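Undergrad: One structure follows; several queries about it will come next.
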2 protein chains.
Amino acid sequence: MKNRKIVLGIDIGGTKTKFGLTDSQGKIYNKNEISTGIFNNPEKLLHEIKEQIFVNTDKDTFEVAGVGIGAPNANYRSGKLEMPPNLPWKGIIEMQEPAQKIFNAPAKITNDANAAALGEMFFGGAKNMKNFVMLTLGTGFGSGIVVDGKICYGHDGMAGELGHTIVVPDGRHCTCGNFGCLETYVSASGMVRTALEYLNGNDNSGLLSKIDPKNLTSKDIFIAANNGDALALKIFDETAEMLGRKMAEIVAYTSPETIFFYGGLANAASLLIEPSKTYMEKFLFPVYKNKVNVCLSELFLSGADTAILGAASLIWLNTGS
Amino acid sequence: MKNRKIVLGIDIGGTKTKFGLTDSQGKIYNKNEISTGIFNNPEKLLHEIKEQIFVNTDKDTFEVAGVGIGAPNANYRSGKLEMPPNLPWKGIIEMQEPAQKIFNAPAKITNDANAAALGEMFFGGAKNMKNFVMLTLGTGFGSGIVVDGKICYGHDGMAGELGHTIVVPDGRHCTCGNFGCLETYVSASGMVRTALEYLNGNDNSGLLSKIDPKNLTSKDIFIAANNGDALALKIFDETAEMLGRKMAEIVAYTSPETIFFYGGLANAASLLIEPSKTYMEKFLFPVYKNKVNVCLSELFLSGADTAILGAASLIWLNTGS
């Protein structure tokens with residue numbers, strides 16, 4: 001008797017693709033991962049996942065309610081990946097349609113930051129929230145905006161690219177071609193650029209100057225800051241100020257109840273997230289002051305596999321428009 | 001027989017309050033206006049409107065489906081005006097509740113830029129659009145963001161204050177207390193500030209230098225630009241660039257189908273709106289390029305009374321959340 005619904009969650013990354021069967025309580029079964037790069041096209045990847053995912057399961061005991069896929073540059077509306085920068089497949093790539101055929105179930109796709117927002121809404125700290133924002137701080141800067149209980153996809157399905165809004169007019173050159181994008185400052189790679197700018201200048205007295213610039217990482221800056229290094233602390237403070245400015249801007253656009261943080265840099269809560277809230281309050285339009293919560297993602301704090309749960313939430317929430 | 005529905009639209013401004021009965025086709029009956037400042041409280045204003053609005057109408061022939069009110073700092077969710085800067089009443093002012101009692105009909109409130117967006121959606125050029133933005137360029141800078149067919153009000157009911165997002169970090173001091181707000185540059189008053197900065201500097205050769213700085217208006221800059229004055233043209237170009245930067249940002253947030261313009265400065269279409277689109281395209285994240293329409297509000301072009309029609313659309317559209 002097929003009395004249990006399960007959802008397949010797939011997270012396609014540049015290096016690895018992770019997947020698992022999820023239940024409505026957030027438990028993940030048959031979790032696994034494979035290298036993305038060895039498949040010539042997404043169909044082959046999806047067929048391989050189908051081979052692996054149902055091993056040792058009794059298919060008669062559950063119903064696959066759908067397949068949720070998180071992937072770079074995924075367009076929720078078109079069902080395609082639009083020129084993803086780090087995948088082995090180039091151009092405009094069909095994803096929703098082959099997934100529906102291969103798994104014979106409804107499939108939906110979105111990008112990883114939106115998936116994190118959806119995961120927080122179905123399984124995490126945003127369960128009863130209608131308006132919130134998820135910011136993912138890793139190598140890059142991702143964002144998922146939830147308006148009135150749904151991801152804001154906009155007209156063309158690709159809204160919410162806050163990492164590519166300007167924080168410093170005519171500032172750093174970004175891979176997208178523009179200058180001064182938020183991602184070039186507030187991200188792991190952006191903080192390394194900030195550090196290298198100081199180190200290439202006159203600031204060569206501290207802990208960071210002892211590291212080969214080619215190998216410098218945001219983790220080095222984090223450790224140096226925790227050891228009281230003045231330059232590292234300055235870098236975190238400047239990064240927090242830029243982030244706080246943008247958070248004030250996000251509030252002026254969409255007035256969220258909470259801004260959640262997720263990703264490697266979110267671990268620097270006392271150095272980055274807490275100061276960014278103080279800066280946000282400073283720059284907020286008065287009507288919004290002291291109204292917005294800022295906190296870490298509950299799924300992130302719990303160590304849950306947000307990539308899989310978030311992708312699966314595309315189906316569990318049955319939302320979006 | 002009450003077979004016709006009508007909606008009362010009221011636009012409360014700092015100086016005048018305009019009102020009229022609207023039908024679903026956008027026709028306005030018994031349109032009138034009164035001075036806002038002579039009423040000690042909004043109840044007295046609403047009672048006076050009730051006295052005047054039904055004169056020479058046969059109340060038996062129609063049903064008042066509701067009352068829509070546009071007013072500064074109106075909070076759609078709370079039904080109150082939150083510290084409106086230019087009204088005779090101060091602090092937090094009840095508006096929805098007294099309107100419902102006095103007119104014995106459903107009432108809704110919003111700010112004037114959101115009302116303009118709603119008017120465009122029900123009566124104007126956004127009839128079938130689900131995602132668009134209305135920018136109102138007058139003395140200040142207003143904005144209404146429509147996401148998935150509804151105004152984006154956010155958690156606290158006051159989302160969409162783009163005029164108070166930063167365009168020049170640490171730039172001009174704004175009445176809101178912050179520095180570098182968009183409204184201090186891209187607005188009639190902002191353009192006058194730009195002109196005065198140039199005139200107080202070295203730029204005293206052109207047409208604008210012949211006007212008493214105390215009396216300089218954006219209209220003077222418009223006329224001078226149309227007469228080929230180099231400084232006036234430079235001011236329009238710089239204003240268009242700042243606006244274009246922000247339009248690119250708006251797209252990265254909400255991916256609208258169209259950005260509409262409304263208000264006195266929108267008359268400067270060839271000097272401001274068209275160049276701003278060119279700048280927007282320059283600054284857009286590549287995935288959004290050549291996808292967004294930029295045009296003047298259809299209601300604005302038709303000369304319709306958008307303030308009344310927009311307020312009435314709060315009821316006609318029966319939307320918002």
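Just remember, in the structure tokens the first chain shown is A, the second B, etc., residues are 1-based per chain, and ligands are 1-based in the order shown.
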Can you check which residues of chain A have any atom within 6 Å of chain B? Use only C-alpha atoms and format it as a short mmCIF file (atom, residue, chain, number, x, y, z; two decimals) with N, CA and C atoms, in the first residue's frame.
TA:
data_model
loop_
_atom_site.label_atom_id
_atom_site.label_comp_id
_atom_site.auth_asym_id
_atom_site.auth_seq_id
_atom_site.Cartn_x
_atom_site.Cartn_y
_atom_site.Cartn_z
N ASN A 131 7.20 36.54 4.89
CA ASN A 131 8.14 37.48 4.26
C ASN A 131 9.50 37.39 4.96
N GLY A 154 9.90 36.73 -9.97
CA GLY A 154 9.79 37.81 -10.95
C GLY A 154 9.29 37.33 -12.29
N HIS A 155 9.33 38.25 -13.25
CA HIS A 155 8.75 37.97 -14.56
C HIS A 155 9.47 36.85 -15.30
N ALA A 159 14.65 36.30 -10.47
CA ALA A 159 14.80 37.42 -9.54
C ALA A 159 15.69 37.01 -8.36
N GLY A 160 16.16 38.01 -7.62
CA GLY A 160 16.88 37.74 -6.38
C GLY A 160 18.36 37.48 -6.55
N GLU A 161 19.02 38.23 -7.42
CA GLU A 161 20.47 38.09 -7.57
C GLU A 161 21.17 39.24 -6.85
N THR A 165 24.09 43.16 -7.17
CA THR A 165 23.74 44.58 -7.05
C THR A 165 24.98 45.32 -6.55
N GLU A 249 19.05 48.00 2.69
CA GLU A 249 18.44 48.13 1.36
C GLU A 249 17.41 47.03 1.12
N ALA A 252 14.28 47.92 2.81
CA ALA A 252 13.53 48.97 2.11
C ALA A 252 12.81 48.42 0.88
N TYR A 253 13.34 47.37 0.28
CA TYR A 253 12.67 46.74 -0.85
C TYR A 253 11.51 45.87 -0.39
N THR A 254 11.79 44.94 0.54
CA THR A 254 10.81 43.87 0.75
C THR A 254 10.32 43.74 2.19
N SER A 255 10.85 44.52 3.13
CA SER A 255 10.39 44.51 4.52
C SER A 255 10.21 43.08 5.06
N PRO A 256 11.32 42.34 5.17
CA PRO A 256 11.21 40.96 5.69
C PRO A 256 11.03 40.95 7.20
N GLU A 257 10.45 39.85 7.69
CA GLU A 257 10.36 39.65 9.14
C GLU A 257 11.73 39.29 9.70
#
Undergrad: Hey, what does DSSP flag as strand (DSSP E) within range 6-236 of chain A? Can you give it to me as a VMD selection string?
TA: chain A and resid 6 to 12 16 to 22 28 to 35 62 to 70 74 to 75 80 to 82 92 to 94 107 to 110 132 to 137 141 to 147 150 to 151
Undergrad: I want to know what sits within 8 Å of range 104-106 of chain A, based on only C-alpha atoms, with residues of the same chain fewer than 6 positions away left out; could you give that as a PyMOL selection string?
TA: chain A and resi 64-67
Undergrad: If you keep all heavy atoms, can you produce a file of those selected residues as an mmCIF file, in the first residue's frame?
TA:
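Result written to out19.cif:
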data_model
loop_
_atom_site.group_PDB
_atom_site.id
_atom_site.type_symbol
_atom_site.label_atom_id
_atom_site.label_comp_id
_atom_site.auth_asym_id
_atom_site.auth_seq_id
_atom_site.Cartn_x
_atom_site.Cartn_y
_atom_site.Cartn_z
ATOM 1 N N VAL A 64 6.397 8.454 -4.806
ATOM 2 C CA VAL A 64 7.284 9.592 -5.076
ATOM 3 C C VAL A 64 6.420 10.784 -5.489
ATOM 4 O O VAL A 64 5.888 10.838 -6.593
ATOM 5 C CB VAL A 64 8.312 9.254 -6.183
ATOM 6 C CG1 VAL A 64 9.211 10.462 -6.447
ATOM 7 C CG2 VAL A 64 9.151 8.052 -5.785
ATOM 8 N N ALA A 65 6.261 11.731 -4.555
ATOM 9 C CA ALA A 65 5.389 12.878 -4.819
ATOM 10 C C ALA A 65 6.003 13.855 -5.813
ATOM 11 O O ALA A 65 5.302 14.664 -6.410
ATOM 12 C CB ALA A 65 5.075 13.597 -3.514
ATOM 13 N N GLY A 66 7.307 13.775 -5.978
ATOM 14 C CA GLY A 66 7.945 14.668 -6.943
ATOM 15 C C GLY A 66 9.444 14.717 -6.763
ATOM 16 O O GLY A 66 10.013 14.086 -5.861
ATOM 17 N N VAL A 67 10.082 15.467 -7.643
ATOM 18 C CA VAL A 67 11.535 15.629 -7.645
ATOM 19 C C VAL A 67 11.853 17.121 -7.597
ATOM 20 O O VAL A 67 11.413 17.883 -8.462
ATOM 21 C CB VAL A 67 12.157 15.014 -8.924
ATOM 22 C CG1 VAL A 67 13.678 15.148 -8.898
ATOM 23 C CG2 VAL A 67 11.722 13.567 -9.096
#
Undergrad: Any idea what's packed within 10 Å of His47 in chain B, counting only C-alpha atoms, ignoring anything in its chain fewer than 3 positions away? Could you give it as JSON, numbers by chain?
TA: {"B": [42, 43, 44, 50, 51, 52, 98, 99, 102, 103]}
Undergrad: Store the residues picked out above in a file with N, CA and C atoms, as an mmCIF file, in the first residue's frame.
TA:
data_model
loop_
_atom_site.group_PDB
_atom_site.id
_atom_site.type_symbol
_atom_site.label_atom_id
_atom_site.label_comp_id
_atom_site.auth_asym_id
_atom_site.auth_seq_id
_atom_site.Cartn_x
_atom_site.Cartn_y
_atom_site.Cartn_z
ATOM 1 N N PRO B 42 -8.684 63.204 10.947
ATOM 2 C CA PRO B 42 -9.138 62.578 9.698
ATOM 3 C C PRO B 42 -10.637 62.280 9.704
ATOM 4 N N GLU B 43 -11.211 62.013 10.882
ATOM 5 C CA GLU B 43 -12.654 61.743 10.935
ATOM 6 C C GLU B 43 -13.434 62.926 10.363
ATOM 7 N N LYS B 44 -13.051 64.140 10.752
ATOM 8 C CA LYS B 44 -13.763 65.325 10.258
ATOM 9 C C LYS B 44 -13.618 65.462 8.745
ATOM 10 N N LYS B 50 -18.024 62.718 2.944
ATOM 11 C CA LYS B 50 -19.316 62.022 2.873
ATOM 12 C C LYS B 50 -20.445 63.006 2.574
ATOM 13 N N GLU B 51 -20.353 64.190 3.158
ATOM 14 C CA GLU B 51 -21.361 65.228 2.893
ATOM 15 C C GLU B 51 -21.404 65.599 1.413
ATOM 16 N N GLN B 52 -20.206 65.686 0.839
ATOM 17 C CA GLN B 52 -20.106 66.237 -0.518
ATOM 18 C C GLN B 52 -20.267 65.180 -1.619
ATOM 19 N N PRO B 98 -11.852 54.339 10.961
ATOM 20 C CA PRO B 98 -12.862 55.408 10.868
ATOM 21 C C PRO B 98 -13.513 55.476 9.488
ATOM 22 N N ALA B 99 -12.725 55.208 8.434
ATOM 23 C CA ALA B 99 -13.307 55.253 7.088
ATOM 24 C C ALA B 99 -14.394 54.183 6.947
ATOM 25 N N ILE B 102 -17.474 55.397 8.984
ATOM 26 C CA ILE B 102 -18.158 56.581 8.432
ATOM 27 C C ILE B 102 -18.876 56.242 7.131
ATOM 28 N N PHE B 103 -18.265 55.422 6.290
ATOM 29 C CA PHE B 103 -18.893 55.108 4.999
ATOM 30 C C PHE B 103 -19.643 53.776 5.037
#
Undergrad: Please identify which residues in range 39-169 of chain A DSSP calls alpha helix (DSSP H) from the backbone, and express them as a VMD selection string.
TA: chain A and resid 42 to 53 96 to 103 112 to 123
Undergrad: Could you give me, as a list in words, the residues within 9 Å of Gly13 in chain A, counting only C-alpha atoms and dropping anything in the same chain fewer than 6 positions from it?
TA: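 Near neighbours after the sequence-gap exclusion: Ser35, Thr36, Gly70, Ala71, Pro72, Asn86 and Leu87 of chain A.
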Undergrad: Please provide as a VMD selection string all residues within 10 Å of range 261-271 of chain B, with the sequence filter that same-chain residues fewer than 6 positions apart are discarded (counting only C-alpha atoms).
TA: chain B and resid 113 116 to 117 133 to 143 186 to 188 218 to 219 222 to 223 225 to 226 233 235 to 237 239 to 240 294 to 301 306
Undergrad: Those same residues, written as a tab-separated table (two decimals), in the first residue's frame with N, CA and C atoms?
TA:
chain	number	residue	atom	x	y	z
B	113	ALA	N	2.36	55.98	-4.17
B	113	ALA	CA	3.07	55.25	-5.23
B	113	ALA	C	2.47	53.86	-5.42
B	116	ALA	N	-0.65	54.34	-7.34
B	116	ALA	CA	-0.39	54.52	-8.78
B	116	ALA	C	-0.15	53.17	-9.45
B	117	ALA	N	0.57	52.28	-8.77
B	117	ALA	CA	0.82	50.94	-9.33
B	117	ALA	C	-0.50	50.17	-9.47
B	133	VAL	N	7.07	47.33	-11.74
B	133	VAL	CA	7.43	48.35	-10.75
B	133	VAL	C	6.93	49.70	-11.24
B	134	MET	N	6.37	50.49	-10.36
B	134	MET	CA	5.97	51.86	-10.67
B	134	MET	C	6.88	52.81	-9.91
B	135	LEU	N	7.54	53.70	-10.64
B	135	LEU	CA	8.38	54.71	-9.99
B	135	LEU	C	7.73	56.08	-10.19
B	136	THR	N	7.51	56.81	-9.12
B	136	THR	CA	6.90	58.14	-9.23
B	136	THR	C	7.96	59.19	-8.92
B	137	LEU	N	8.25	59.98	-9.94
B	137	LEU	CA	9.29	60.99	-9.82
B	137	LEU	C	8.66	62.37	-9.73
B	138	GLY	N	8.59	62.90	-8.53
B	138	GLY	CA	8.07	64.24	-8.33
B	138	GLY	C	9.05	64.99	-7.44
B	139	THR	N	8.51	65.74	-6.48
B	139	THR	CA	9.39	66.40	-5.50
B	139	THR	C	10.24	65.33	-4.82
B	140	GLY	N	9.62	64.18	-4.51
B	140	GLY	CA	10.35	63.04	-3.96
B	140	GLY	C	10.41	61.89	-4.95
B	141	PHE	N	10.79	60.72	-4.42
B	141	PHE	CA	10.92	59.52	-5.26
B	141	PHE	C	10.06	58.43	-4.62
B	142	GLY	N	8.97	58.05	-5.27
B	142	GLY	CA	8.11	57.00	-4.74
B	142	GLY	C	8.21	55.73	-5.55
B	143	SER	N	7.78	54.61	-4.96
B	143	SER	CA	7.87	53.34	-5.69
B	143	SER	C	6.81	52.37	-5.21
B	186	VAL	N	17.74	61.72	-7.35
B	186	VAL	CA	16.81	61.49	-8.46
B	186	VAL	C	15.40	61.90	-8.03
B	187	SER	N	15.11	63.17	-8.16
B	187	SER	CA	13.82	63.77	-7.83
B	187	SER	C	13.94	65.22	-8.25
B	188	ALA	N	12.81	65.92	-8.28
B	188	ALA	CA	12.87	67.35	-8.64
B	188	ALA	C	13.76	68.10	-7.65
B	218	SER	N	13.28	72.45	-10.89
B	218	SER	CA	13.63	71.41	-11.86
B	218	SER	C	13.10	71.78	-13.24
B	219	LYS	N	12.03	72.55	-13.28
B	219	LYS	CA	11.49	72.99	-14.57
B	219	LYS	C	12.49	73.90	-15.28
B	222	PHE	N	14.97	71.73	-16.81
B	222	PHE	CA	14.36	71.08	-17.98
B	222	PHE	C	14.38	72.02	-19.19
B	223	ILE	N	13.95	73.27	-18.97
B	223	ILE	CA	13.90	74.23	-20.08
B	223	ILE	C	15.31	74.54	-20.58
B	225	ALA	N	17.91	72.61	-20.43
B	225	ALA	CA	18.42	71.45	-21.16
B	225	ALA	C	17.83	71.41	-22.56
B	226	ASN	N	16.55	71.70	-22.65
B	226	ASN	CA	15.90	71.72	-23.97
B	226	ASN	C	16.47	72.82	-24.86
B	233	LEU	N	22.16	69.83	-19.30
B	233	LEU	CA	22.24	68.51	-19.93
B	233	LEU	C	23.08	67.55	-19.08
B	235	ILE	N	23.41	67.68	-15.85
B	235	ILE	CA	22.61	67.31	-14.68
B	235	ILE	C	21.63	66.19	-15.03
B	236	PHE	N	20.98	66.31	-16.18
B	236	PHE	CA	20.05	65.25	-16.60
B	236	PHE	C	20.80	63.94	-16.83
B	237	ASP	N	21.98	64.04	-17.44
B	237	ASP	CA	22.72	62.81	-17.72
B	237	ASP	C	23.15	62.13	-16.42
B	239	THR	N	21.75	62.42	-13.51
B	239	THR	CA	20.55	61.91	-12.84
B	239	THR	C	20.08	60.62	-13.50
B	240	ALA	N	20.13	60.58	-14.83
B	240	ALA	CA	19.73	59.38	-15.57
B	240	ALA	C	20.65	58.21	-15.23
B	294	VAL	N	10.77	49.61	-20.32
B	294	VAL	CA	10.76	50.86	-19.54
B	294	VAL	C	9.83	51.82	-20.28
B	295	CYS	N	8.80	52.30	-19.61
B	295	CYS	CA	7.89	53.22	-20.29
B	295	CYS	C	7.14	54.10	-19.31
B	296	LEU	N	6.47	55.10	-19.85
B	296	LEU	CA	5.65	55.97	-19.02
B	296	LEU	C	4.34	55.27	-18.68
B	297	SER	N	3.82	55.59	-17.52
B	297	SER	CA	2.52	55.09	-17.09
B	297	SER	C	1.45	55.46	-18.12
B	298	GLU	N	0.60	54.51	-18.46
B	298	GLU	CA	-0.48	54.77	-19.42
B	298	GLU	C	-1.49	55.77	-18.82
B	299	LEU	N	-1.78	55.61	-17.55
B	299	LEU	CA	-2.69	56.56	-16.90
B	299	LEU	C	-2.10	57.96	-16.91
B	300	PHE	N	-0.80	58.06	-16.66
B	300	PHE	CA	-0.12	59.35	-16.67
B	300	PHE	C	-0.23	59.98	-18.05
B	301	LEU	N	0.04	59.19	-19.09
B	301	LEU	CA	-0.01	59.70	-20.46
B	301	LEU	C	-1.43	60.12	-20.85
B	306	THR	N	-4.95	59.73	-11.69
B	306	THR	CA	-4.38	58.49	-11.13
B	306	THR	C	-4.53	58.41	-9.63
Undergrad: Taking 4 positions as the minimum chain separation for residues in the same chain, which residues sit within 6 Å of Ala311 in chain A when counting only C-alpha atoms? Answer as a list in words.
TA: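 Skipping anything fewer than 4 positions along the chain leaves Gly9, Gly68, Ile69, Gly70 and Ala115 of chain A.
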Undergrad: For CA of Asn200 in chain A and CA of Glu238 in chain A, quote the distance in Å rounded to one decimal.
TA: 17.4 Å
Undergrad: What does the structure give for the distance between CA of Ser313 in chain A and CA of Gly149 in chain B, in Å to one decimal?
TA: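 If I compute the distance from CA of Ser313 in chain A to CA of Gly149 in chain B, I get 23.3 Å.
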Undergrad: Could you tell me how far CA of Val192 in chain A sits from CA of Pro84 in chain A, in Å to one decimal place?
TA: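 Pair CA of Pro84 in chain A / CA of Val192 in chain A returns 23.9 Å.
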